Amino acid sequence: MNDRVLHHASERQALVESIQGAAETWSPQQVLNWAFERFGNRVAISSAFGAEGMVLIDMASRLRTDFRLFTIDTEFLFPETYNLMDRIEQKYGIAIDRAYSVLSPEEQEGMEGPELWARDPDRCCNLRKVEPLRRKLSELSAWITSIRRDQTSSRSSARRIDWDTKFGLVKVNPIVDWTAKQVWRYIHDHGVPYNELHNQDYPSIGCTHCTRAVRPGEDPRAGRWPGFAKTECGLHIIEPLSTPLE
Ligand code: SF4
């Protein structure tokens, strides 16, 4: 049974339920291979090019030369992140598909007023991240992410293969049980490129407006949306599996 016959989301959800338990014992490479073989060109890696994402891109490149990779470009990313994107395209010989908000930064300012991120970061993330992601995911049957369970409380129950109730497709998380130490060991062992900001106390990197370096002893995600209780941009919130599908 391949994706050509899995027309309905309900069939894909049943597939997830049938394989989810067994997949917990698979290696990241086995999980990636399963996703590539099952979904062909209807699966893509989603990445913001953090350390975890770089591990996944490197692993995928050793399995396939033609995998799909996309990013949500908020147009507020650091120069170091854009530089890393160029290096990835060069090293791995792939083109990064960039999804943008329907609003340019100037149009957003015109409609919402200046510095929306400082007043209502949830709305800003919805406009610049969640809505473009929803459009991109509507082209796909499955997406591959580099989330890890110990990054935030809302990621702690993630499985290697999940049903994404929020966006209605299969969500594949090959390194969900890895630690930060494993991630960095892989990067150093395999000569994987990474964002230069990681060397300047930025363990987690997003938009320029909402990311700062962390101080010694702080949580690695303390530098994201400083001053707000927000810890997620809304892309990886886990919702109960019982949510109706279609
Ligand atoms: S991280 Fe900040 S600037 Fe980026 S989309 Fe979210 S609120 Fe806007």
# chains A, B, ... in the order shown; residues from 1 in each chain; ligands from 1
call {"tool": "closest_atom_pairs", "arguments": {"of": "segment 170-206 of chain A", "to": "segment 147-165 of chain A", "cutoff": "7 Å", "atoms": "only C-alpha atoms", "output": "tab-separated table"}}
result
residue	atom	partner	partner_atom	distance
A:Val170	CA	A:Trp163	CA	4.8
A:Lys171	CA	A:Asp162	CA	5.0
A:Val172	CA	A:Ile161	CA	4.7
A:Asn173	CA	A:Arg160	CA	4.7
A:Pro174	CA	A:Arg160	CA	5.5
A:Ile175	CA	A:Arg148	CA	6.4
A:Val176	CA	A:Arg148	CA	4.1
A:Asp177	CA	A:Arg148	CA	5.9
A:Trp178	CA	A:Arg148	CA	6.3
call {"tool": "select_by_dssp", "arguments": {"residues": "segment 34-186 of chain A", "states": "alpha helix (DSSP H)", "output": "count of residues only"}}
result
64
call {"tool": "residues_near_ligand", "arguments": {"ligand": "ligand 1", "cutoff": "9 Å", "atoms": "only C-alpha atoms and all ligand atoms", "output": "PyMOL selection string"}}
result
chain A and resi 74-77+115-130+206-211+224-225+232-233
call {"tool": "closest_residue", "arguments": {"among": "A:Leu69, A:Ile88, A:Ile57, A:Val183", "to": "Arg42 of chain A", "atoms": "only C-alpha atoms"}}
result
A:Leu69
call {"tool": "closest_atom_pairs", "arguments": {"of": "segment 23-80 of chain A", "to": "segment 97-103 of chain A", "cutoff": "10 Å", "atoms": "only C-alpha atoms", "output": "tab-separated table"}}
result
residue	atom	partner	partner_atom	distance
A:Ala44	CA	A:Asp97	CA	9.9
A:Ser46	CA	A:Asp97	CA	9.5
A:Arg68	CA	A:Asp97	CA	7.9
A:Leu69	CA	A:Asp97	CA	6.2
A:Phe70	CA	A:Asp97	CA	4.4
A:Thr71	CA	A:Arg98	CA	5.1
A:Ile72	CA	A:Ala99	CA	4.8
A:Asp73	CA	A:Tyr100	CA	5.5
A:Thr74	CA	A:Tyr100	CA	6.2
A:Glu75	CA	A:Tyr100	CA	7.7
call {"tool": "select_by_dssp", "arguments": {"residues": "segment 42-128 of chain A", "states": "strand (DSSP E)", "output": "VMD selection string"}}
result
chain A and resid 43 to 46 69 to 72 97 to 99
call {"tool": "residues_around", "arguments": {"residues": "segment 33-37 of chain A", "least_positions_apart": "4", "cutoff": "9 Å", "atoms": "only C-alpha atoms", "output": "JSON, numbers by chain"}}
result
{"A": [2, 28, 29, 41, 42, 43, 44, 60, 63, 64, 67, 142, 143, 144, 172]}
call {"tool": "write_last_selection", "arguments": {"atoms": "all heavy atoms", "output": "CSV table (one decimal), in the first residue's frame"}}
result
chain,number,residue,atom,x,y,z
A,2,ASN,N,0.8,2.0,-1.1
A,2,ASN,CA,1.6,3.3,-1.0
A,2,ASN,C,0.7,4.5,-1.0
A,2,ASN,O,-0.6,4.3,-1.0
A,2,ASN,CB,2.6,3.4,-2.2
A,2,ASN,CG,1.9,3.4,-3.5
A,2,ASN,OD1,0.8,3.9,-3.7
A,2,ASN,ND2,2.5,2.7,-4.5
A,28,PRO,N,16.6,6.8,13.3
A,28,PRO,CA,16.2,7.9,12.5
A,28,PRO,C,16.2,7.6,11.0
A,28,PRO,O,15.3,8.0,10.3
A,28,PRO,CB,17.2,9.0,12.9
A,28,PRO,CG,17.6,8.6,14.3
A,28,PRO,CD,17.7,7.1,14.3
A,29,GLN,N,17.3,6.9,10.6
A,29,GLN,CA,17.4,6.6,9.2
A,29,GLN,C,16.2,5.7,8.7
A,29,GLN,O,15.7,5.9,7.6
A,29,GLN,CB,18.7,6.0,8.9
A,29,GLN,CG,19.9,6.9,9.0
A,29,GLN,CD,20.5,7.0,10.4
A,29,GLN,OE1,19.9,6.5,11.4
A,29,GLN,NE2,21.6,7.7,10.5
A,41,ASN,N,7.1,11.9,-3.5
A,41,ASN,CA,7.3,13.4,-3.5
A,41,ASN,C,6.2,14.1,-2.8
A,41,ASN,O,6.1,15.4,-2.9
A,41,ASN,CB,7.4,13.9,-5.0
A,41,ASN,CG,6.1,13.7,-5.7
A,41,ASN,OD1,5.1,13.2,-5.2
A,41,ASN,ND2,6.0,14.2,-7.0
A,42,ARG,N,5.3,13.4,-2.0
A,42,ARG,CA,4.3,14.1,-1.2
A,42,ARG,C,4.8,14.2,0.3
A,42,ARG,O,4.0,14.4,1.2
A,42,ARG,CB,3.0,13.4,-1.3
A,42,ARG,CG,2.4,13.7,-2.7
A,42,ARG,CD,0.9,13.3,-2.9
A,42,ARG,NE,0.0,13.9,-1.9
A,42,ARG,CZ,-0.6,15.1,-2.0
A,42,ARG,NH1,-0.3,15.8,-3.1
A,42,ARG,NH2,-1.4,15.5,-1.1
A,43,VAL,N,6.1,14.0,0.5
A,43,VAL,CA,6.6,14.2,1.8
A,43,VAL,C,7.8,15.2,1.7
A,43,VAL,O,8.5,15.2,0.7
A,43,VAL,CB,7.1,12.9,2.5
A,43,VAL,CG1,8.2,12.2,1.8
A,43,VAL,CG2,7.5,13.2,4.0
A,44,ALA,N,7.9,16.1,2.7
A,44,ALA,CA,9.0,17.1,2.6
A,44,ALA,C,9.5,17.3,4.0
A,44,ALA,O,8.8,17.2,5.0
A,44,ALA,CB,8.5,18.4,2.0
A,60,ALA,N,19.2,12.8,5.6
A,60,ALA,CA,18.4,12.6,4.4
A,60,ALA,C,19.3,12.6,3.2
A,60,ALA,O,19.1,11.8,2.3
A,60,ALA,CB,17.3,13.7,4.3
A,63,LEU,N,20.6,9.3,2.3
A,63,LEU,CA,19.7,8.3,1.9
A,63,LEU,C,19.1,8.6,0.5
A,63,LEU,O,18.8,7.7,-0.3
A,63,LEU,CB,18.5,8.3,2.9
A,63,LEU,CG,18.8,7.9,4.3
A,63,LEU,CD1,17.6,8.1,5.2
A,63,LEU,CD2,19.3,6.5,4.4
A,64,ARG,N,19.0,9.9,0.1
A,64,ARG,CA,18.3,10.3,-1.1
A,64,ARG,C,19.0,11.6,-1.6
A,64,ARG,O,19.5,12.4,-0.8
A,64,ARG,CB,16.9,10.7,-0.9
A,64,ARG,CG,15.9,9.6,-0.5
A,64,ARG,CD,15.4,9.0,-1.8
A,64,ARG,NE,14.2,8.2,-1.6
A,64,ARG,CZ,14.2,7.0,-1.0
A,64,ARG,NH1,15.3,6.5,-0.5
A,64,ARG,NH2,13.0,6.4,-0.9
A,67,PHE,N,15.4,14.6,-2.1
A,67,PHE,CA,14.4,14.9,-1.1
A,67,PHE,C,13.9,16.3,-1.1
A,67,PHE,O,14.7,17.2,-1.5
A,67,PHE,CB,14.9,14.5,0.3
A,67,PHE,CG,16.0,15.3,0.8
A,67,PHE,CD1,15.9,16.4,1.6
A,67,PHE,CD2,17.4,14.9,0.5
A,67,PHE,CE1,16.9,17.2,2.1
A,67,PHE,CE2,18.4,15.6,1.0
A,67,PHE,CZ,18.2,16.8,1.7
A,142,ALA,N,2.6,14.1,4.1
A,142,ALA,CA,3.3,14.0,5.3
A,142,ALA,C,4.4,15.0,5.4
A,142,ALA,O,4.9,15.5,4.3
A,142,ALA,CB,4.0,12.6,5.4
A,143,TRP,N,4.8,15.4,6.6
A,143,TRP,CA,5.9,16.3,6.7
A,143,TRP,C,6.9,15.8,7.8
A,143,TRP,O,6.5,15.0,8.7
A,143,TRP,CB,5.5,17.8,7.0
A,143,TRP,CG,4.8,18.1,8.3
A,143,TRP,CD1,3.7,17.4,8.8
A,143,TRP,CD2,5.0,19.2,9.1
A,143,TRP,NE1,3.3,18.1,10.0
A,143,TRP,CE2,4.0,19.2,10.2
A,143,TRP,CE3,5.9,20.3,9.1
A,143,TRP,CZ2,4.0,20.1,11.2
A,143,TRP,CZ3,5.9,21.2,10.1
A,143,TRP,CH2,4.9,21.1,11.2
A,144,ILE,N,8.2,16.1,7.6
A,144,ILE,CA,9.2,15.6,8.5
A,144,ILE,C,9.8,16.8,9.3
A,144,ILE,O,10.1,17.8,8.7
A,144,ILE,CB,10.3,14.9,7.7
A,144,ILE,CG1,9.8,13.8,6.8
A,144,ILE,CG2,11.4,14.4,8.6
A,144,ILE,CD1,10.8,13.2,5.8
A,172,VAL,N,6.2,13.3,10.8
A,172,VAL,CA,7.3,12.3,11.0
A,172,VAL,C,8.4,13.0,11.8
A,172,VAL,O,8.9,14.1,11.4
A,172,VAL,CB,7.8,11.8,9.7
A,172,VAL,CG1,9.0,10.8,9.9
A,172,VAL,CG2,6.7,11.2,8.9
call {"tool": "atom_distance", "arguments": {"atom1": "atom CA of Ala95 of chain A", "atom2": "atom CA of Ile45 of chain A"}}
result
12.2 Å
call {"tool": "closest_residue", "arguments": {"among": "A:Gln90, A:Ile96, A:Ser104, A:Glu52", "to": "Gln182 of chain A", "atoms": "only C-alpha atoms"}}
result
A:Glu52
call {"tool": "residues_around", "arguments": {"residues": "Glu196 of chain A", "least_positions_apart": "2", "cutoff": "12 Å", "atoms": "only C-alpha atoms", "output": "tab-separated table (two decimals) with N, CA, C and O atoms, in the first residue's frame"}}
result
chain	number	residue	atom	x	y	z
A	49	PHE	N	16.47	25.35	10.13
A	49	PHE	CA	17.93	25.23	10.09
A	49	PHE	C	18.60	25.43	11.45
A	49	PHE	O	19.71	25.94	11.54
A	50	GLY	N	17.92	25.00	12.50
A	50	GLY	CA	18.57	24.88	13.80
A	50	GLY	C	19.48	23.65	13.77
A	50	GLY	O	19.56	22.94	12.76
A	51	ALA	N	20.15	23.37	14.88
A	51	ALA	CA	21.09	22.26	14.92
A	51	ALA	C	20.39	20.94	14.59
A	51	ALA	O	20.91	20.11	13.83
A	78	PHE	N	17.73	36.08	10.60
A	78	PHE	CA	19.08	36.65	10.76
A	78	PHE	C	19.90	36.47	9.48
A	78	PHE	O	19.74	35.46	8.77
A	79	PRO	N	20.82	37.40	9.20
A	79	PRO	CA	21.71	37.22	8.04
A	79	PRO	C	22.45	35.88	8.12
A	79	PRO	O	22.68	35.23	7.09
A	80	GLU	N	22.79	35.45	9.34
A	80	GLU	CA	23.50	34.18	9.51
A	80	GLU	C	22.64	33.01	9.04
A	80	GLU	O	23.16	32.00	8.56
A	81	THR	N	21.32	33.13	9.22
A	81	THR	CA	20.41	32.05	8.79
A	81	THR	C	20.33	32.01	7.26
A	81	THR	O	20.37	30.94	6.65
A	82	TYR	N	20.22	33.20	6.64
A	82	TYR	CA	20.19	33.23	5.17
A	82	TYR	C	21.51	32.71	4.60
A	82	TYR	O	21.54	32.00	3.60
A	83	ASN	N	22.60	33.04	5.28
A	83	ASN	CA	23.91	32.55	4.83
A	83	ASN	C	23.96	31.02	4.92
A	83	ASN	O	24.47	30.34	4.02
A	84	LEU	N	23.43	30.46	6.00
A	84	LEU	CA	23.42	29.00	6.15
A	84	LEU	C	22.57	28.36	5.05
A	84	LEU	O	22.94	27.30	4.52
A	85	MET	N	21.47	28.99	4.69
A	85	MET	CA	20.63	28.43	3.62
A	85	MET	C	21.42	28.33	2.32
A	85	MET	O	21.32	27.33	1.61
A	87	ARG	N	24.65	27.99	2.09
A	87	ARG	CA	25.65	26.91	2.25
A	87	ARG	C	25.01	25.53	2.11
A	87	ARG	O	25.59	24.61	1.56
A	193	PRO	N	27.30	21.55	8.42
A	193	PRO	CA	27.29	23.01	8.62
A	193	PRO	C	26.20	23.41	9.62
A	193	PRO	O	25.19	22.72	9.75
A	194	TYR	N	26.42	24.49	10.33
A	194	TYR	CA	25.40	24.95	11.27
A	194	TYR	C	25.43	26.47	11.37
A	194	TYR	O	26.37	27.13	10.91
A	198	HIS	N	24.94	29.86	16.76
A	198	HIS	CA	25.05	28.86	17.84
A	198	HIS	C	26.36	29.06	18.63
A	198	HIS	O	26.43	28.69	19.79
A	199	ASN	N	27.37	29.62	17.98
A	199	ASN	CA	28.65	29.87	18.69
A	199	ASN	C	28.60	31.16	19.52
A	199	ASN	O	29.57	31.51	20.16
A	200	GLN	N	27.47	31.88	19.43
A	200	GLN	CA	27.34	33.15	20.16
A	200	GLN	C	26.19	33.11	21.16
A	200	GLN	O	25.46	34.08	21.34
A	201	ASP	N	25.96	31.92	21.75
A	201	ASP	CA	24.95	31.73	22.81
A	201	ASP	C	23.51	31.86	22.34
A	201	ASP	O	22.64	32.31	23.07
A	202	TYR	N	23.28	31.48	21.07
A	202	TYR	CA	21.91	31.39	20.57
A	202	TYR	C	21.60	29.90	20.32
A	202	TYR	O	21.80	29.40	19.23
A	203	PRO	N	21.12	29.16	21.35
A	203	PRO	CA	20.83	27.74	21.11
A	203	PRO	C	19.61	27.53	20.22
A	203	PRO	O	19.52	26.54	19.51
A	204	SER	N	18.65	28.47	20.26
A	204	SER	CA	17.43	28.36	19.46
A	204	SER	C	17.27	29.66	18.69
A	204	SER	O	17.31	30.74	19.28
A	205	ILE	N	17.10	29.57	17.37
A	205	ILE	CA	17.16	30.77	16.53
A	205	ILE	C	15.89	30.91	15.71
A	205	ILE	O	15.50	29.99	14.99
call {"tool": "closest_residue", "arguments": {"among": "A:Leu197, A:Gly191, A:Lys136, A:Gly223", "to": "Leu169 of chain A", "atoms": "only C-alpha atoms"}}
result
A:Lys136
call {"tool": "atom_distance", "arguments": {"atom1": "atom CA of Leu15 of chain A", "atom2": "atom CA of Ala48 of chain A"}}
result
27.7 Å
